[in-house]
Every structure is written in structure tokens, then in C-alpha cells.
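What's in input-v2.csv: CSV, C-alpha atoms and all ligand atoms
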chain,number,residue,atom,x,y,z
A,1,MET,CA,81.6,38.9,-4.2
A,2,THR,CA,80.7,41.6,-6.6
A,3,LEU,CA,78.8,44.7,-5.6
A,4,ALA,CA,75.6,43.4,-7.3
A,5,GLN,CA,75.9,40.1,-5.5
A,6,SER,CA,76.3,41.8,-2.2
A,7,ALA,CA,73.2,44.0,-2.8
A,8,ALA,CA,71.0,40.9,-3.8
A,9,SER,CA,72.1,39.0,-0.7
A,10,ALA,CA,71.3,42.0,1.6
A,11,ALA,CA,67.9,42.3,0.0
A,12,SER,CA,67.1,38.7,0.4
A,13,ALA,CA,68.1,38.7,4.1
A,14,SER,CA,66.0,41.8,4.7
A,15,ALA,CA,62.9,40.2,3.1
A,16,ALA,CA,63.3,37.1,5.2
A,17,ALA,CA,63.5,39.1,8.3
A,18,VAL,CA,60.4,41.0,7.5
A,19,ALA,CA,58.4,37.9,6.8
A,20,SER,CA,59.6,36.3,10.0
A,21,GLN,CA,58.5,39.3,12.0
A,22,ALA,CA,55.1,39.4,10.3
A,23,ALA,CA,54.5,35.7,11.1
A,24,ALA,CA,55.4,36.2,14.7
A,25,GLN,CA,53.1,39.1,15.0
A,26,ALA,CA,50.2,37.3,13.4
A,27,ALA,CA,50.6,34.3,15.8
A,28,SER,CA,50.5,36.6,18.8
A,29,GLN,CA,47.4,38.4,17.5
A,30,PRO,CA,44.8,35.8,16.4
A,31,ASP,CA,41.9,38.2,16.3
A,32,ALA,CA,43.7,40.3,13.8
A,33,ALA,CA,44.4,37.2,11.7
A,34,SER,CA,40.7,36.3,11.9
A,35,ALA,CA,39.7,39.7,10.8
A,36,ALA,CA,41.8,39.3,7.8
A,37,GLN,CA,39.9,36.1,6.6
A,38,PRO,CA,37.3,36.4,3.8
A,39,ASP,CA,33.6,37.0,4.8
A,40,SER,CA,32.6,33.5,3.5
A,41,GLN,CA,33.7,31.7,6.8
A,42,PRO,CA,32.4,33.9,9.6
A,43,THR,CA,30.7,31.3,11.8
A,44,ALA,CA,33.5,28.7,11.6
A,45,GLN,CA,36.1,31.3,12.5
A,46,ALA,CA,34.0,32.7,15.3
A,47,GLY,CA,33.3,29.2,16.7
A,48,ALA,CA,29.5,30.0,17.1
A,49,ALA,CA,26.8,27.3,16.6
A,50,ALA,CA,25.0,27.4,13.2
A,51,PRO,CA,21.5,29.0,13.6
A,52,ALA,CA,18.6,26.6,13.5
A,53,PRO,CA,16.9,26.5,10.1
A,54,ALA,CA,13.6,28.3,9.8
A,55,PRO,CA,10.6,25.9,10.0
A,56,VAL,CA,9.2,25.1,6.5
A,57,GLU,CA,5.5,25.6,6.1
A,58,ARG,CA,3.9,22.6,4.3
A,59,PRO,CA,0.2,22.0,3.5
A,60,LEU,CA,0.0,19.0,5.7
A,61,VAL,CA,-3.2,16.9,5.3
A,62,GLN,CA,-5.3,17.0,8.4
A,63,TYR,CA,-7.1,13.7,9.0
A,64,LYS,CA,-10.2,14.0,11.2
A,65,PRO,CA,-11.1,10.9,13.1
A,66,LYS,CA,-14.6,9.7,12.8
A,67,ALA,CA,-16.4,6.7,14.4
A,68,LEU,CA,-16.8,3.6,12.2
A,69,SER,CA,-18.9,0.5,13.0
A,70,LEU,CA,-19.6,-2.4,10.7
A,71,THR,CA,-20.0,-6.1,10.5
A,72,ILE,CA,-17.2,-8.1,9.0
A,73,ASN,CA,-17.6,-11.9,8.5
A,74,GLY,CA,-20.5,-11.9,10.9
A,75,LYS,CA,-18.7,-10.1,13.7
A,76,GLU,CA,-19.5,-6.6,14.8
A,77,VAL,CA,-16.4,-4.3,14.6
A,78,GLY,CA,-16.2,-0.9,16.3
A,79,PRO,CA,-17.0,1.8,16.9
A,80,LEU,CA,-13.5,2.7,16.1
A,81,GLN,CA,-12.1,6.2,15.5
A,82,VAL,CA,-10.8,6.1,11.9
A,83,PRO,CA,-9.4,8.9,9.9
A,84,GLU,CA,-12.0,10.3,7.5
A,85,GLY,CA,-11.0,9.5,3.9
A,86,LEU,CA,-9.0,6.4,4.8
A,87,MET,CA,-9.5,3.8,2.1
A,88,MET,CA,-11.2,0.5,3.2
A,89,ILE,CA,-8.2,-1.6,2.2
A,90,GLU,CA,-6.1,0.3,4.8
A,91,PHE,CA,-8.8,-0.1,7.4
A,92,LEU,CA,-8.9,-3.8,6.9
A,93,HIS,CA,-5.2,-4.2,7.1
A,94,GLU,CA,-4.4,-1.6,9.8
A,95,TYR,CA,-7.4,-1.5,12.0
A,96,ALA,CA,-9.2,-4.8,11.6
A,97,GLY,CA,-6.1,-7.0,11.3
A,98,LEU,CA,-7.5,-8.6,8.1
A,99,THR,CA,-4.7,-8.7,5.6
A,100,GLY,CA,-6.1,-11.3,3.2
A,101,SER,CA,-7.5,-8.6,0.9
A,102,ARG,CA,-4.8,-7.6,-1.6
A,103,LEU,CA,-3.8,-4.2,-2.7
A,104,GLY,CA,-2.9,-4.4,-6.4
A,105,CYS,CA,-3.2,-1.4,-8.6
A,106,GLY,CA,-4.7,0.9,-5.9
A,107,GLN,CA,-6.7,2.5,-8.7
A,108,GLY,CA,-9.8,0.4,-9.1
A,109,VAL,CA,-8.6,-1.5,-12.1
A,110,CYS,CA,-7.4,-5.0,-11.1
A,111,HIS,CA,-10.1,-6.0,-8.6
A,112,ALA,CA,-7.6,-7.8,-6.3
A,113,CYS,CA,-8.9,-5.8,-3.3
A,114,VAL,CA,-12.6,-6.6,-3.6
A,115,VAL,CA,-14.8,-7.6,-0.6
A,116,ILE,CA,-18.4,-8.7,-0.7
A,117,LEU,CA,-21.0,-6.3,0.4
A,118,ASP,CA,-24.1,-8.0,1.8
A,119,LYS,CA,-27.1,-5.7,1.1
A,120,PRO,CA,-30.3,-5.5,3.1
A,121,ASP,CA,-32.3,-7.1,0.3
A,122,GLY,CA,-30.4,-10.3,0.6
A,123,THR,CA,-28.3,-9.7,-2.6
A,124,SER,CA,-24.5,-9.3,-2.6
A,125,GLU,CA,-22.0,-7.4,-4.7
A,126,GLU,CA,-18.3,-6.9,-5.0
A,127,MET,CA,-16.8,-3.6,-3.7
A,128,ARG,CA,-13.3,-2.4,-4.5
A,129,THR,CA,-11.7,-1.4,-1.2
A,130,CYS,CA,-8.7,0.5,-2.7
A,131,ILE,CA,-11.0,3.3,-4.0
A,132,THR,CA,-13.9,3.1,-1.5
A,133,GLY,CA,-13.5,4.9,1.8
A,134,ALA,CA,-13.8,3.0,5.0
A,135,HIS,CA,-16.7,5.1,6.2
A,136,PHE,CA,-18.8,4.1,3.2
A,137,PHE,CA,-19.2,0.7,5.0
A,138,ASN,CA,-20.4,2.3,8.2
A,139,GLY,CA,-23.3,0.3,9.5
A,140,ARG,CA,-23.0,-2.2,6.6
A,141,LYS,CA,-22.1,-5.9,6.4
A,142,ILE,CA,-19.2,-7.2,4.4
A,143,ARG,CA,-17.3,-10.5,3.9
A,144,THR,CA,-13.6,-10.8,3.3
A,145,ILE,CA,-11.5,-13.7,2.1
A,146,GLU,CA,-11.0,-14.6,5.8
A,147,GLY,CA,-14.7,-15.3,6.1
A,148,HIS,CA,-15.2,-18.0,3.5
A,149,ALA,CA,-13.8,-21.2,5.0
A,150,LYS,CA,-15.4,-22.9,8.0
A,151,ARG,CA,-13.3,-22.7,11.2
A,152,ASN,CA,-13.3,-24.5,14.5
A,153,GLU,CA,-13.4,-22.8,17.8
A,154,ALA,CA,-9.7,-22.3,17.8
A,155,GLY,CA,-10.1,-20.4,14.5
A,156,GLU,CA,-8.4,-23.0,12.4
A,157,VAL,CA,-9.7,-23.7,8.9
A,158,VAL,CA,-11.5,-27.0,8.9
A,159,GLU,CA,-13.3,-26.8,5.5
A,160,LEU,CA,-12.9,-24.6,2.5
A,161,SER,CA,-15.8,-23.1,0.6
A,162,PRO,CA,-16.8,-24.9,-2.6
A,163,ILE,CA,-15.1,-22.3,-4.8
A,164,GLN,CA,-11.9,-22.3,-2.7
A,165,GLN,CA,-11.7,-26.1,-2.9
A,166,LYS,CA,-12.3,-26.1,-6.7
A,167,PHE,CA,-9.6,-23.4,-7.2
A,168,LEU,CA,-7.2,-25.8,-5.4
A,169,ASP,CA,-8.4,-28.8,-7.4
A,170,HIS,CA,-8.0,-27.1,-10.7
A,171,PHE,CA,-4.6,-25.5,-9.8
A,172,SER,CA,-6.2,-22.2,-10.7
A,173,PHE,CA,-3.7,-19.8,-9.2
A,174,GLN,CA,0.1,-19.5,-9.1
A,175,CYS,CA,1.3,-16.7,-6.8
A,176,GLY,CA,-2.2,-16.4,-5.4
A,177,TYR,CA,-2.1,-12.6,-5.2
A,178,CYS,CA,-5.3,-12.2,-7.2
A,179,THR,CA,-7.1,-15.2,-5.6
A,180,PRO,CA,-9.0,-13.4,-2.8
A,181,GLY,CA,-10.6,-11.2,-5.4
A,182,PHE,CA,-11.5,-14.2,-7.6
A,183,VAL,CA,-12.9,-16.1,-4.6
A,184,ASN,CA,-15.1,-13.1,-3.7
A,185,ALA,CA,-16.2,-12.5,-7.3
A,186,ALA,CA,-17.1,-16.2,-7.9
A,187,THR,CA,-19.0,-16.3,-4.6
A,188,VAL,CA,-21.1,-13.3,-5.6
A,189,LEU,CA,-21.8,-15.0,-8.9
A,190,LEU,CA,-22.9,-18.3,-7.2
A,191,GLU,CA,-25.2,-16.4,-4.9
A,192,ARG,CA,-26.7,-14.6,-7.8
A,193,LEU,CA,-27.2,-17.8,-9.7
A,194,LYS,CA,-29.0,-19.3,-6.7
A,195,ARG,CA,-31.6,-16.5,-7.1
A,196,GLU,CA,-31.5,-16.3,-10.8
A,197,PRO,CA,-30.4,-19.6,-12.5
A,198,VAL,CA,-29.0,-19.4,-16.0
A,199,ALA,CA,-29.5,-21.5,-19.1
A,200,LYS,CA,-26.8,-24.1,-19.7
A,201,ALA,CA,-25.9,-22.4,-22.9
A,202,ASP,CA,-25.2,-19.2,-21.1
A,203,VAL,CA,-23.0,-20.6,-18.3
A,204,GLU,CA,-19.6,-19.8,-19.9
A,205,SER,CA,-20.5,-16.3,-21.0
A,206,THR,CA,-22.0,-15.6,-17.6
A,207,ILE,CA,-18.8,-16.6,-15.9
A,208,MET,CA,-16.7,-14.6,-18.3
A,209,THR,CA,-18.8,-11.5,-17.6
A,210,ALA,CA,-18.7,-12.0,-13.8
A,211,LEU,CA,-14.9,-12.4,-13.6
A,212,ASP,CA,-14.0,-10.1,-16.4
A,213,GLY,CA,-12.8,-7.3,-14.2
A,214,HIS,CA,-10.3,-9.4,-12.3
A,215,ILE,CA,-6.7,-9.3,-13.5
A,216,CYS,CA,-4.3,-12.2,-12.9
A,217,ARG,CA,-0.7,-11.3,-13.6
A,218,CYS,CA,0.2,-14.9,-13.6
A,219,THR,CA,-2.4,-15.3,-16.4
A,220,GLY,CA,-4.2,-18.2,-14.8
A,221,TYR,CA,-7.6,-17.2,-16.2
A,222,VAL,CA,-8.5,-20.5,-18.0
A,223,ARG,CA,-8.2,-22.6,-14.8
A,224,TYR,CA,-10.1,-20.0,-12.8
A,225,TYR,CA,-12.9,-20.1,-15.3
A,226,GLU,CA,-12.9,-23.9,-15.5
A,227,ALA,CA,-13.1,-24.2,-11.7
A,228,VAL,CA,-16.0,-21.8,-11.5
A,229,LYS,CA,-17.8,-23.7,-14.2
A,230,ASP,CA,-17.2,-26.9,-12.3
A,231,VAL,CA,-18.9,-25.5,-9.2
A,232,VAL,CA,-21.7,-24.0,-11.2
A,233,MET,CA,-22.5,-27.2,-13.1
A,234,SER,CA,-22.2,-29.4,-10.0
A,235,THR,CA,-24.3,-27.3,-7.6
A,236,PRO,CA,-28.0,-28.0,-7.9
A,237,GLY,CA,-30.2,-25.1,-8.8
A,238,LEU,CA,-27.8,-22.8,-10.5
A,239,VAL,CA,-28.4,-23.9,-14.1
A,240,LYS,CA,-32.0,-24.1,-15.4
A,241,ASP,CA,-31.6,-27.0,-17.8
A,242,ALA,CA,-28.6,-28.8,-16.3
A,243,ALA,CA,-28.7,-32.5,-17.4
B,1,LIG,S1,-6.2,-2.9,-5.9
B,1,LIG,FE1,-8.2,-2.3,-5.9
B,1,LIG,S2,-8.8,-2.5,-8.0
B,1,LIG,FE2,-6.7,-3.0,-8.0
B,2,LIG,S1,-2.1,-16.2,-9.5
B,2,LIG,FE1,-0.6,-14.6,-9.5
B,2,LIG,S2,-1.7,-12.8,-10.0
B,2,LIG,FE2,-3.1,-14.4,-10.3

Show this structure as C-alpha cells.
Ligand code: FES
Ligand code: FES
Amino acid sequence: MTLAQSAASAASASAAAVASQAAAQAASQPDAASAAQPDSQPTAQAGAAAPAPAPVERPLVQYKPKALSLTINGKEVGPLQVPEGLMMIEFLHEYAGLTGSRLGCGQGVCHACVVILDKPDGTSEEMRTCITGAHFFNGRKIRTIEGHAKRNEAGEVVELSPIQQKFLDHFSFQCGYCTPGFVNAATVLLERLKREPVAKADVESTIMTALDGHICRCTGYVRYYEAVKDVVMSTPGLVKDAA
């Protein structure tokens, strides 16, 4: 071995000895080893539980309950404590257990959600329940799609209303989502024509106007209109100059 080789070998052995000693010292002094870690891992190294996150302040809506009583399909409902501002469609579904009224657009456009409001003067009109608060109906009388057919004492449907039957006869609907709205709209029209009959020449335009706001995404308009015309023309007293 040359002198240079001897010196390199001695240096290497010395370095290994120093490293070995340092490792042994670190193992016997864990706190010191921890202290040497970067600041980015303090809790994991310390073994302490992470602090609970601070509560986030949010502007939660506060619903105030308010009594609501009304008559639905001839039955008195309530008083019930109902959140102020709740839309009528939600009240029907969640409080009254009447799920036949359909929520479509939720914006007052499609008219799938309409119910019939019976007014004190004996007239009736459609009301959109997706944009009308439940408390608007406090003390009022309404009819929903569940109230049209005749039922026996067990609550089973024994006879459809004339308009419901004609919608079936004419295959007016497909998925049926819009049908409760069309039934209510046509019923309001028939009740109006009983009070104010139209001329035969105006029957079609009257039906078009009455059903105009109702959207059918299955596009079954023609058969709806034909069915309503069938009922109008075959019901005595609705058309002034019916043959
Ligand atoms: S759901 Fe009410 S108008 Fe469309
Ligand atoms: S029958 Fe399907 S939306 Fe009218």
C-alpha cells in the first residue's frame, strides 16, 4: 500500500466511526432529534391532537313557524305550525301528505304545480304553488289533483271526473308529469263555462287560452286539447249554440 492509499483508508475509517457514533447518540436522545426537525411538522412530532377548527359563521336562514289552517279537497287541515315563507308545493308534499301536485320548473313557468283555489264568490282559479307561499292559503279552500275523482269509504277511486276520464280516453298524456296541472286547468275552465257559456265558434280558442300556460315536455298538447273539447261539447250548458 502506498502512503496515499494508507491515508485515504485511514480517513474513510475515521469518517465511518464518526457517523456511527452520531447515529447512536441520536437514537439515545429522541428529543434532540425532534428538535432538529423542520418547523412544518410540530404537532405530528409532538403527538398532540390537532386543535378543533374554529366555528364558521354563516348567515343561516331563520324560519319562524306560523299557524296555518285551510280546507283541502273539502277537509279542514290544521292549524299546523308551518315555517313562514314555505312554498305551498312543499306544504302539500311534506305537511299534508298530498304528493300529486308536481314540482316542475319551480319558477312559475310550467304550471305543473297548480291547484284550484275556490273563492268565496263561487268562482275558481288556478294558483301556482311553487311560487305561492303556503300561508297565502290560510283560511282558504283549495282542491288538488287528489280531490277530483269520487272515492269510496276506504278511499279508493271509484269514478274519475269527466275531464280525467276523457284524458284517458284520448291518450292525452305520456309520462303524466304535467297531467295534474292540465286536469286542474281544464276543471277551472269547465266551471267557468258553466257560469259563462261560449259560442261554438269560440270553443277552440277558449280552450287554447285556458291551457296556454301549461307546458307538456312530452308534447301531448293536441290530445289534451281534443279531450277538453270533447268534454266541453258533450256537457250540456257549456256552449251557447251547441247543436
Ligand atoms: S312548477 Fe310551478 S309553475 Fe312550474
Ligand atoms: S305527458 Fe309528460 S310532460 Fe306532459

Could you report the residues within 8 Å of ligand LIG 1 (chain B), using only C-alpha atoms and all ligand atoms, as a compact mmCIF listing (two decimals) with C-alpha atoms, in the coordinates of the input?
# COMPACT_ATOMS: atom_id res chain seq x y z
CA ARG A 102 -4.80 -7.60 -1.60
CA LEU A 103 -3.80 -4.20 -2.70
CA GLY A 104 -2.90 -4.40 -6.40
CA CYS A 105 -3.20 -1.40 -8.60
CA GLY A 106 -4.70 0.90 -5.90
CA GLN A 107 -6.70 2.50 -8.70
CA GLY A 108 -9.80 0.40 -9.10
CA VAL A 109 -8.60 -1.50 -12.10
CA CYS A 110 -7.40 -5.00 -11.10
CA HIS A 111 -10.10 -6.00 -8.60
CA ALA A 112 -7.60 -7.80 -6.30
CA CYS A 113 -8.90 -5.80 -3.30
CA VAL A 114 -12.60 -6.60 -3.60
CA ARG A 128 -13.30 -2.40 -4.50
CA THR A 129 -11.70 -1.40 -1.20
CA CYS A 130 -8.70 0.50 -2.70
CA ILE A 131 -11.00 3.30 -4.00

Which residues, written as a JSON list (two decimals) with C-alpha atoms, in the coordinates of the input, have at least one atom at most 9 Å from Phe173 of chain A, with only C-alpha atoms counted and residues fewer than 5 positions away on the same chain left out?
[["chain", "number", "residue", "atom", "x", "y", "z"],
["A", 167, "PHE", "CA", -9.60, -23.40, -7.20],
["A", 168, "LEU", "CA", -7.20, -25.80, -5.40],
["A", 178, "CYS", "CA", -5.30, -12.20, -7.20],
["A", 179, "THR", "CA", -7.10, -15.20, -5.60],
["A", 216, "CYS", "CA", -4.30, -12.20, -12.90],
["A", 218, "CYS", "CA", 0.20, -14.90, -13.60],
["A", 219, "THR", "CA", -2.40, -15.30, -16.40],
["A", 220, "GLY", "CA", -4.20, -18.20, -14.80],
["A", 221, "TYR", "CA", -7.60, -17.20, -16.20],
["A", 223, "ARG", "CA", -8.20, -22.60, -14.80],
["A", 224, "TYR", "CA", -10.10, -20.00, -12.80]]

- Selection near Ala210 of chain A, 12 Å with all atoms listed in the file, sequence-local residues under 3 positions removed, as a ChimeraX atom specification: /A:111,125-126,181-193,203-207,213-214,224-225,228-229

- Pick from A:Lys66, A:Lys141, A:Lys200, A:Arg217 nearest to ligand LIG 2 (chain B), counting only C-alpha atoms and all ligand atoms: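 Counting only C-alpha atoms and all ligand atoms, the residue closest to ligand LIG 2 (chain B) is A:Arg217.
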
- Note on the structure: Expressed in Å, the length from atom CA of Leu86 of chain A to atom CA of Ala67 of chain A is 12.1 Å

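Atom to atom, atom CA of Pro180 of chain A and atom CA of Val158 of chain A stand 18.1 Å apart.
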